[in-house]
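Worksheet for the structure shown next.
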Amino acid sequence: MMKFRFRRQGTDPQREKIKQELFAFNKTVEHGFPHQPSALAFDPKLQLMAIGTKSGAIKVYGAPGVEFTGLHKDTTAVTQIHFLPGQGRLLSLLDDNTIYLWELVAGAPREVVTLLHFLHPLLLLSATRVTVLLLLRSCDLLCIGTEGGGVYFLELPRLTLKDSQTLLQDQITQSLPDDYRCGKSLGPVESLQEHPQQPGKILIGYSRGLVVLWDLSTRQVEQLFLGKQQLESLVWERSGNLFVSSHNDGGYSVWTVTNGNTCNQQPVSSTIPYGPFPCKAINKILWRTTQTGSPVLLYSGGMPRASYGDRHCLTIQQDKEHVTLDFTSRVIDFFTVHSIEQEKEFDEPSALVVLLEEELVVIDLQNPGWPSLPTPYLAPLHSSAITCSFHISSVPPKLWERLVNAGKAQQGRQHAHGSWPICGGKNLAPPPKQQELLLTGHEDGTVRFWDASGVALTPLYKLGTANVFHTDCDPCDDPQDPSNDPDMQQEEEWPPFRKVGCFDPYSDDPRLGIQKISLCKYSNKLVVAGTAGQVIVLGLSDERSDHMVDVSVVDLLQDREGFTWKGHDRLEPRLKPAPFPPGFQPLVLVQCLPPASVTAVALHAEWNLISFGTSHGFGLFDYHRRNAVLARCTLHPNDSLAMEGPLSRVKSLKKSLRQSFRRIRKSRVSGKKRTITTPTSKVQEANAALAEQEDVAPVQRRIEPRSADDSLSGVVRCLCFADTFLRDGTHHGPTLWAGTNSGSVYAYALEVPGVGSGRACERGGAGESSVCVEAVLGKEIQLMHRAPVVSICVLDGRGKPLPDPYEASQDLAIAPDMTNAHSVLIASEEQLKVFSLPKVSAKTKFKLTAHEGCRVRKVALVAFSSTAQEDYSEHTLVCLTNLGDMHLFNIPALRPQVRYDCIRKEDISGIASCVFTKNGQGFYLISPSEYERFSLSAKVITEPLCSVQLDRPLEPTPLVKPEK
């Protein structure tokens, strides 16, 4: 009989089928700005843009929702990208001299483009580094300039080297005058540009300053331009009658191209725009003609070395209009969107696209003042460092509309409303069935609202909390004041700087950082908590207002004597009315003492209550009546570090080291006793075979209890409101649950006027406003191993989580079962456990650490819908562990369902930043500026689905064998 005791249940084929219809893991799309961009390209025919990164990724973007991603096998930096216009193909040059040819390929429906696929690489000229590539307009020849001064030619699409076309420096040197030759090398090839009107003629610019017009058909030097200043870049004027060269002294020169003169020693004009003092190099220059007569000149760099040498700038000039765009990060590359039809006489640039190290900026060149355009995607999520995130699904249409309008009011004076110039491809994804919001909290005290309904993560609205306090910020900063709009200011200084872009990594005050966010989508109440113990309750308003913010102070250590806070000071609230634009406006400011960082927050808008926790305790606040209900200290009497400051850490360190050595010694002793025996009898062999079978329960790991006087035991990890049974099994009412780092769970019975069956409802005659909320400690649970409590959730009589506030009362969710006994699910770092209510007796548990050797980091209750049955769904517990894997359990039985490897275990920030949605998706940071979106649901998947109209048949091209 005993041999069946430890055997697991056999697999049920029907259950396995249901699991396949419910669960499936996919990484779907990357939101945000590519980390460490290094190359930029644009296809003017397909209106597609490509960005390459230092990690070897290539990302192609078109209209919002049109995205493709390719990844080189090696994590080598992409140095250049070039489109084959109209073909859906592109060339990439890596830092190791390797060239790849990529193309868009079709998925199952032939018209749907699914991914970028590389055809084959070619390793080039290992003896010399490639400096520049030029793809001829015929798209059948690739010109390669090298550091050694040679120019090589490859035939496309096979990337075959044409030895007969190779142009070495010696052939050019023979055509030079003796006085210019001087025995010096011409230097690396810095620029290659094809003649705009005469195909087959290319400008070759050498580092020393020489520019050669080379005819490919005759293999002759057609004209020489004997520049004497170190060359940086070249650009043709549209007619081909002149070209412009930029140099390392901060100047540029205009040269004319005439048929009769084979040797041109002087340019038509030379200008150092920001001279006469020494200037930095102009790295790249563009010359675009317009119908008005005056060309638009665009160039990066050229700043005076002494005064503005550290600025990242790009200048736009046309006649007397002159603007120096001042960015906060380095300019990688830029291009203009302009007319490319040969029959057109002028370029007529419509937009300037600038790729910076930390963001993408688009300038409207058609409207006066050259304003910037808002980006529908690629917005820098990390404009200030992300500190937390929060997801809202099924956003009500009214709230969505009000947020969109508030965002438009913010952008109205800062951006132009022109059309997005990168509009290639077509988004075939159906409109989202529901609107989703992703809220990100930032180090500078802002909360940003993003449209996360589709592939393009679009910024909607930005909320700032700094103006609630006295900080280093200017108290008169007003986002609605035109005088504060950098795009509208008339600068009188020289150069005429204009601050552009929103990337600003520097926080005025580190105490402003946002740590926790909670939003009630039905009442439009928002709670934002920060690093200095500030908890702000905000309400949504469509009108601008100037008002005072009510301030309340909650002392979490009022009963403790001898406490000395050695952290930062609390933020000083503003004592005068402050201006607040349309959107979320602060109503109440609660300041925790001591001003430690807020570690947990909970909002119940139906009861007008918020709860907040820090490393010292937790509090309950009634924001409707503006009074504190509860302040509980969770510090252990032996929490010397939290009480006395970091000087007492030496004692804790010695103790922990001593315990570590004891554990090592203990394990060594126990290891010596362990002997390995080989099975000699048939019985032993049978037992060994039985132990190797999968249906035998694994050996559980022994878990060491944690120290009771751990210096972080007082940290409040989670808070939860619930309408459930705590006093007895017949009367339910509001409750507050709090879990700490030491494995303690506190459950309070709340008496909220007008809610539940408590005494507050029985007090006749007294108005609700005169009755205060009360909190009485009902239960106190101490987990055996003192493992930190990660999550607390109350389950109704059917074993399902309770609905959000207002959901059931407004018929937006099924009402909870209040007739059968409730239970509470407590997830610690080591195990999941369900307790019955109100007795709080254990019903079932799963020891995750003992079985899997990992610790729980994030927990969420998710509703998974079936792909086969429209009306079938299951509530499932999702756990993210410190190893980066996802474990799914059914509730309330806590039986394991599936496990997926999601995040690398070394990616600590990715695991810490993960946030789940209620329909089975999730987000986590793969870099400071990018979220990886994933799906655990077989039904709910958000991924690119798009098409591109190409000049070639959309057929997957067979792989070609690499050539060396």
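To be explicit about the labels: the chains of the structure tokens are called A, B, and onward in the order shown, and within each one the residues are counted from 1, while ligands get numbers from 1 in the order they are shown.
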Original post:
Just asking: which residues within range 911-940 of chain A are strand (DSSP E) according to DSSP, as a PyMOL selection string?
Top reply: chain A and resi 915-916+921-927+930-937
Nearby residues (only C-alpha atoms) at most 6 Å from range 240-255 of chain A, same-chain spacing under 3 positions excluded, as a short mmCIF file (atom, residue, chain, number, x, y, z; two decimals) with C-alpha atoms, in the first residue's frame:
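This is the output file selection-v8.cif:
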data_model
loop_
_atom_site.label_atom_id
_atom_site.label_comp_id
_atom_site.auth_asym_id
_atom_site.auth_seq_id
_atom_site.Cartn_x
_atom_site.Cartn_y
_atom_site.Cartn_z
CA PRO A 196 21.94 62.67 -58.77
CA GLN A 230 40.24 67.28 -43.33
CA LEU A 231 37.02 65.98 -44.84
CA GLU A 232 34.02 64.72 -42.84
CA SER A 233 31.14 64.33 -45.31
CA LEU A 234 29.81 65.14 -48.81
CA VAL A 235 26.36 65.84 -50.23
CA TRP A 236 25.15 66.56 -53.78
CA GLU A 237 22.81 69.36 -54.70
CA PRO A 267 35.56 76.08 -53.65
CA VAL A 268 32.96 78.69 -54.57
CA SER A 269 32.53 79.55 -50.91
CA SER A 270 33.78 78.39 -47.52
CA THR A 271 31.97 79.15 -44.28
CA ILE A 272 32.60 78.46 -40.62
CA CYS A 279 35.00 74.85 -33.67
CA LYS A 280 34.27 71.15 -33.59
CA ALA A 281 33.84 69.17 -36.79
CA ILE A 282 30.65 69.17 -38.86
CA GLY A 302 30.26 72.68 -35.69
#
**OP:** Identify, on the basis of only C-alpha atoms, every residue whose closest approach to Val824 in chain A does not exceed 10 Å; exclude the query and any residue fewer than 3 positions from it along the same chain; express the result as an MDAnalysis selection string.
**Re:** chainID A and resid 722 724 737 792:796 799 801 827 833:838 840:843 892
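Of the residues listed (A:Val716, A:Ala596, A:Val404, A:Leu726), A:Val716 shows the shortest atom-to-atom separation from Val790 in chain A; distances use only C-alpha atoms.
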Original post:
What's the 7 Å shell around Asn608 in chain A, counting only C-alpha atoms, without same-chain residues fewer than 3 positions away, as a ChimeraX atom specification?
Top reply: /A:604-605,622-624
Determine, counting only C-alpha atoms, which protein, DNA and RNA residues have an atom within 8 Å of an atom of range 515-519 of chain A; residues of the same chain fewer than 2 positions away are not included. Present the result as a JSON list (two decimals) with C-alpha atoms, in the first residue's frame.
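And here's part_9.json as it stands now:
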[["chain", "number", "residue", "atom", "x", "y", "z"],
["A", 387, "THR", "CA", 11.13, 53.21, -11.13],
["A", 388, "CYS", "CA", 7.81, 51.30, -11.24],
["A", 389, "SER", "CA", 4.95, 50.35, -13.55],
["A", 390, "PHE", "CA", 1.24, 49.55, -13.34],
["A", 392, "ILE", "CA", -4.89, 48.73, -16.39],
["A", 439, "LEU", "CA", 1.51, 53.62, -16.28],
["A", 441, "GLY", "CA", 6.56, 55.97, -12.54],
["A", 513, "GLY", "CA", 10.97, 59.30, -7.34],
["A", 521, "LYS", "CA", -10.56, 53.14, -13.43],
["A", 524, "ASN", "CA", -10.89, 58.04, -11.62],
["A", 525, "LYS", "CA", -8.92, 58.10, -8.39],
["A", 526, "LEU", "CA", -5.15, 57.71, -8.57],
["A", 527, "VAL", "CA", -2.67, 57.06, -5.75],
["A", 528, "VAL", "CA", 1.01, 57.85, -6.32],
["A", 529, "ALA", "CA", 3.60, 57.07, -3.63],
["A", 530, "GLY", "CA", 7.24, 58.08, -3.60],
["A", 531, "THR", "CA", 10.73, 57.74, -2.21],
["A", 597, "SER", "CA", 10.37, 54.95, 0.68],
["A", 598, "VAL", "CA", 6.84, 53.61, 0.21],
["A", 599, "THR", "CA", 7.03, 49.86, -0.48],
["A", 600, "ALA", "CA", 3.33, 49.01, -0.92],
["A", 601, "VAL", "CA", 0.08, 50.83, -1.59],
["A", 602, "ALA", "CA", -3.58, 49.84, -1.94],
["A", 603, "LEU", "CA", -6.64, 51.86, -2.98]]
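Across the model, the gap from CA of Leu224 in chain A to CA of Asp178 in chain A is 13.4 Å.
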Original post:
If we count only C-alpha atoms, what is near range 70-78 of chain A at a cut-off of 10 Å, once residues fewer than 2 positions away on the same chain are taken out, given as a PyMOL selection string?
Top reply: chain A and resi 36-40+51-60+68+80-81+92-100+102-104+115-118+121
Mind dumping the selected residues with C-alpha atoms as a JSON list (two decimals), in the first residue's frame?
[["chain", "number", "residue", "atom", "x", "y", "z"],
["A", 36, "GLN", "CA", 22.28, 51.86, -27.77],
["A", 37, "PRO", "CA", 21.35, 52.70, -31.38],
["A", 38, "SER", "CA", 24.25, 52.90, -33.79],
["A", 39, "ALA", "CA", 22.90, 53.20, -37.36],
["A", 40, "LEU", "CA", 19.96, 54.69, -39.26],
["A", 51, "ILE", "CA", 17.57, 51.40, -36.76],
["A", 52, "GLY", "CA", 20.60, 49.24, -35.94],
["A", 53, "THR", "CA", 21.99, 48.78, -32.43],
["A", 54, "LYS", "CA", 25.30, 47.96, -30.81],
["A", 55, "SER", "CA", 23.96, 44.56, -29.79],
["A", 56, "GLY", "CA", 23.40, 43.53, -33.42],
["A", 57, "ALA", "CA", 19.64, 44.12, -33.66],
["A", 58, "ILE", "CA", 17.90, 45.71, -36.65],
["A", 59, "LYS", "CA", 14.44, 47.19, -36.19],
["A", 60, "VAL", "CA", 12.32, 48.39, -39.11],
["A", 68, "PHE", "CA", 9.90, 44.09, -37.99],
["A", 80, "GLN", "CA", 25.70, 51.20, -41.23],
["A", 81, "ILE", "CA", 22.36, 50.28, -42.81],
["A", 92, "SER", "CA", 23.87, 45.98, -42.79],
["A", 93, "LEU", "CA", 27.55, 46.52, -42.05],
["A", 94, "LEU", "CA", 28.83, 45.27, -38.72],
["A", 95, "ASP", "CA", 31.80, 46.41, -36.73],
["A", 96, "ASP", "CA", 33.69, 43.23, -37.65],
["A", 97, "ASN", "CA", 33.63, 44.10, -41.40],
["A", 98, "THR", "CA", 30.75, 41.71, -42.13],
["A", 99, "ILE", "CA", 27.97, 42.71, -44.54],
["A", 100, "TYR", "CA", 24.54, 41.11, -44.32],
["A", 102, "TRP", "CA", 18.27, 41.13, -45.28],
["A", 103, "GLU", "CA", 14.80, 40.95, -46.73],
["A", 104, "LEU", "CA", 11.19, 40.96, -45.60],
["A", 115, "LEU", "CA", 9.85, 39.13, -40.17],
["A", 116, "LEU", "CA", 13.24, 40.26, -41.35],
["A", 117, "HIS", "CA", 15.33, 37.38, -42.64],
["A", 118, "PHE", "CA", 19.01, 37.60, -43.53],
["A", 121, "PRO", "CA", 26.78, 37.39, -44.87]]
Original post:
By how many Å are CA of Val940 in chain A and CA of Gly922 in chain A apart?
Top reply: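 One can read the CA of Val940 in chain A to CA of Gly922 in chain A distance as 11.1 Å.
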**OP:** Could you find all residues in range 14-60 of chain A that DSSP calls helix (DSSP H, G or I) from the backbone, and write them as a list in words?
**Re:** Gln14, Arg15, Glu16, Lys17, Ile18, Lys19, Gln20, Glu21 and Leu22 of chain A
Can I get the selection written as a PDB file, in the first residue's frame, with all heavy atoms?
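New file out.pdb:
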ATOM      1  N   GLN A  14      -7.643  14.808 -21.386  1.00  0.00           N
ATOM      2  CA  GLN A  14      -8.617  15.898 -21.536  1.00  0.00           C
ATOM      3  C   GLN A  14      -8.105  17.180 -20.903  1.00  0.00           C
ATOM      4  O   GLN A  14      -8.252  18.274 -21.463  1.00  0.00           O
ATOM      5  CB  GLN A  14      -9.951  15.473 -20.897  1.00  0.00           C
ATOM      6  CG  GLN A  14     -11.075  16.504 -21.031  1.00  0.00           C
ATOM      7  CD  GLN A  14     -11.469  16.748 -22.472  1.00  0.00           C
ATOM      8  OE1 GLN A  14     -11.290  15.877 -23.325  1.00  0.00           O
ATOM      9  NE2 GLN A  14     -11.958  17.941 -22.769  1.00  0.00           N
ATOM     10  N   ARG A  15      -7.468  17.038 -19.748  1.00  0.00           N
ATOM     11  CA  ARG A  15      -6.916  18.218 -19.070  1.00  0.00           C
ATOM     12  C   ARG A  15      -5.751  18.809 -19.861  1.00  0.00           C
ATOM     13  O   ARG A  15      -5.593  20.024 -19.951  1.00  0.00           O
ATOM     14  CB  ARG A  15      -6.451  17.841 -17.654  1.00  0.00           C
ATOM     15  CG  ARG A  15      -5.872  18.989 -16.854  1.00  0.00           C
ATOM     16  CD  ARG A  15      -6.865  20.125 -16.711  1.00  0.00           C
ATOM     17  NE  ARG A  15      -6.245  21.354 -16.235  1.00  0.00           N
ATOM     18  CZ  ARG A  15      -6.833  22.546 -16.236  1.00  0.00           C
ATOM     19  NH1 ARG A  15      -8.059  22.669 -16.700  1.00  0.00           N
ATOM     20  NH2 ARG A  15      -6.200  23.604 -15.806  1.00  0.00           N
ATOM     21  N   GLU A  16      -4.930  17.951 -20.440  1.00  0.00           N
ATOM     22  CA  GLU A  16      -3.814  18.438 -21.256  1.00  0.00           C
ATOM     23  C   GLU A  16      -4.326  19.230 -22.451  1.00  0.00           C
ATOM     24  O   GLU A  16      -3.738  20.241 -22.841  1.00  0.00           O
ATOM     25  CB  GLU A  16      -2.958  17.257 -21.729  1.00  0.00           C
ATOM     26  CG  GLU A  16      -2.195  16.556 -20.620  1.00  0.00           C
ATOM     27  CD  GLU A  16      -1.229  17.491 -19.904  1.00  0.00           C
ATOM     28  OE1 GLU A  16      -0.519  18.251 -20.599  1.00  0.00           O
ATOM     29  OE2 GLU A  16      -1.198  17.476 -18.667  1.00  0.00           O
ATOM     30  N   LYS A  17      -5.430  18.793 -23.033  1.00  0.00           N
ATOM     31  CA  LYS A  17      -6.020  19.508 -24.163  1.00  0.00           C
ATOM     32  C   LYS A  17      -6.520  20.878 -23.733  1.00  0.00           C
ATOM     33  O   LYS A  17      -6.328  21.887 -24.424  1.00  0.00           O
ATOM     34  CB  LYS A  17      -7.158  18.676 -24.747  1.00  0.00           C
ATOM     35  CG  LYS A  17      -7.826  19.284 -25.981  1.00  0.00           C
ATOM     36  CD  LYS A  17      -8.828  18.308 -26.567  1.00  0.00           C
ATOM     37  CE  LYS A  17      -9.485  18.886 -27.817  1.00  0.00           C
ATOM     38  NZ  LYS A  17     -10.345  20.048 -27.517  1.00  0.00           N
ATOM     39  N   ILE A  18      -7.146  20.917 -22.564  1.00  0.00           N
ATOM     40  CA  ILE A  18      -7.652  22.205 -22.050  1.00  0.00           C
ATOM     41  C   ILE A  18      -6.493  23.152 -21.781  1.00  0.00           C
ATOM     42  O   ILE A  18      -6.568  24.352 -22.082  1.00  0.00           O
ATOM     43  CB  ILE A  18      -8.490  21.968 -20.771  1.00  0.00           C
ATOM     44  CG1 ILE A  18      -9.771  21.204 -21.111  1.00  0.00           C
ATOM     45  CG2 ILE A  18      -8.817  23.295 -20.088  1.00  0.00           C
ATOM     46  CD1 ILE A  18     -10.595  20.820 -19.895  1.00  0.00           C
ATOM     47  N   LYS A  19      -5.406  22.614 -21.233  1.00  0.00           N
ATOM     48  CA  LYS A  19      -4.243  23.472 -20.958  1.00  0.00           C
ATOM     49  C   LYS A  19      -3.660  24.052 -22.242  1.00  0.00           C
ATOM     50  O   LYS A  19      -3.232  25.212 -22.272  1.00  0.00           O
ATOM     51  CB  LYS A  19      -3.173  22.682 -20.192  1.00  0.00           C
ATOM     52  CG  LYS A  19      -3.549  22.411 -18.745  1.00  0.00           C
ATOM     53  CD  LYS A  19      -2.365  22.038 -17.880  1.00  0.00           C
ATOM     54  CE  LYS A  19      -1.799  20.697 -18.209  1.00  0.00           C
ATOM     55  NZ  LYS A  19      -0.772  20.268 -17.237  1.00  0.00           N
ATOM     56  N   GLN A  20      -3.647  23.287 -23.302  1.00  0.00           N
ATOM     57  CA  GLN A  20      -3.151  23.798 -24.581  1.00  0.00           C
ATOM     58  C   GLN A  20      -4.055  24.896 -25.135  1.00  0.00           C
ATOM     59  O   GLN A  20      -3.590  25.800 -25.834  1.00  0.00           O
ATOM     60  CB  GLN A  20      -3.039  22.655 -25.592  1.00  0.00           C
ATOM     61  CG  GLN A  20      -1.917  21.667 -25.276  1.00  0.00           C
ATOM     62  CD  GLN A  20      -1.867  20.522 -26.270  1.00  0.00           C
ATOM     63  OE1 GLN A  20      -2.619  20.503 -27.242  1.00  0.00           O
ATOM     64  NE2 GLN A  20      -0.977  19.572 -26.017  1.00  0.00           N
ATOM     65  N   GLU A  21      -5.344  24.814 -24.829  1.00  0.00           N
ATOM     66  CA  GLU A  21      -6.285  25.840 -25.287  1.00  0.00           C
ATOM     67  C   GLU A  21      -6.239  27.085 -24.426  1.00  0.00           C
ATOM     68  O   GLU A  21      -6.711  28.146 -24.836  1.00  0.00           O
ATOM     69  CB  GLU A  21      -7.709  25.272 -25.280  1.00  0.00           C
ATOM     70  CG  GLU A  21      -7.913  24.129 -26.272  1.00  0.00           C
ATOM     71  CD  GLU A  21      -9.212  23.383 -26.040  1.00  0.00           C
ATOM     72  OE1 GLU A  21      -9.888  23.698 -25.032  1.00  0.00           O
ATOM     73  OE2 GLU A  21      -9.551  22.504 -26.849  1.00  0.00           O
ATOM     74  N   LEU A  22      -5.655  26.966 -23.237  1.00  0.00           N
ATOM     75  CA  LEU A  22      -5.593  28.118 -22.317  1.00  0.00           C
ATOM     76  C   LEU A  22      -4.226  28.795 -22.325  1.00  0.00           C
ATOM     77  O   LEU A  22      -4.143  30.029 -22.346  1.00  0.00           O
ATOM     78  CB  LEU A  22      -5.920  27.663 -20.893  1.00  0.00           C
ATOM     79  CG  LEU A  22      -7.347  27.247 -20.582  1.00  0.00           C
ATOM     80  CD1 LEU A  22      -7.424  26.661 -19.179  1.00  0.00           C
ATOM     81  CD2 LEU A  22      -8.299  28.420 -20.711  1.00  0.00           C
TER      82      LEU A  22
END
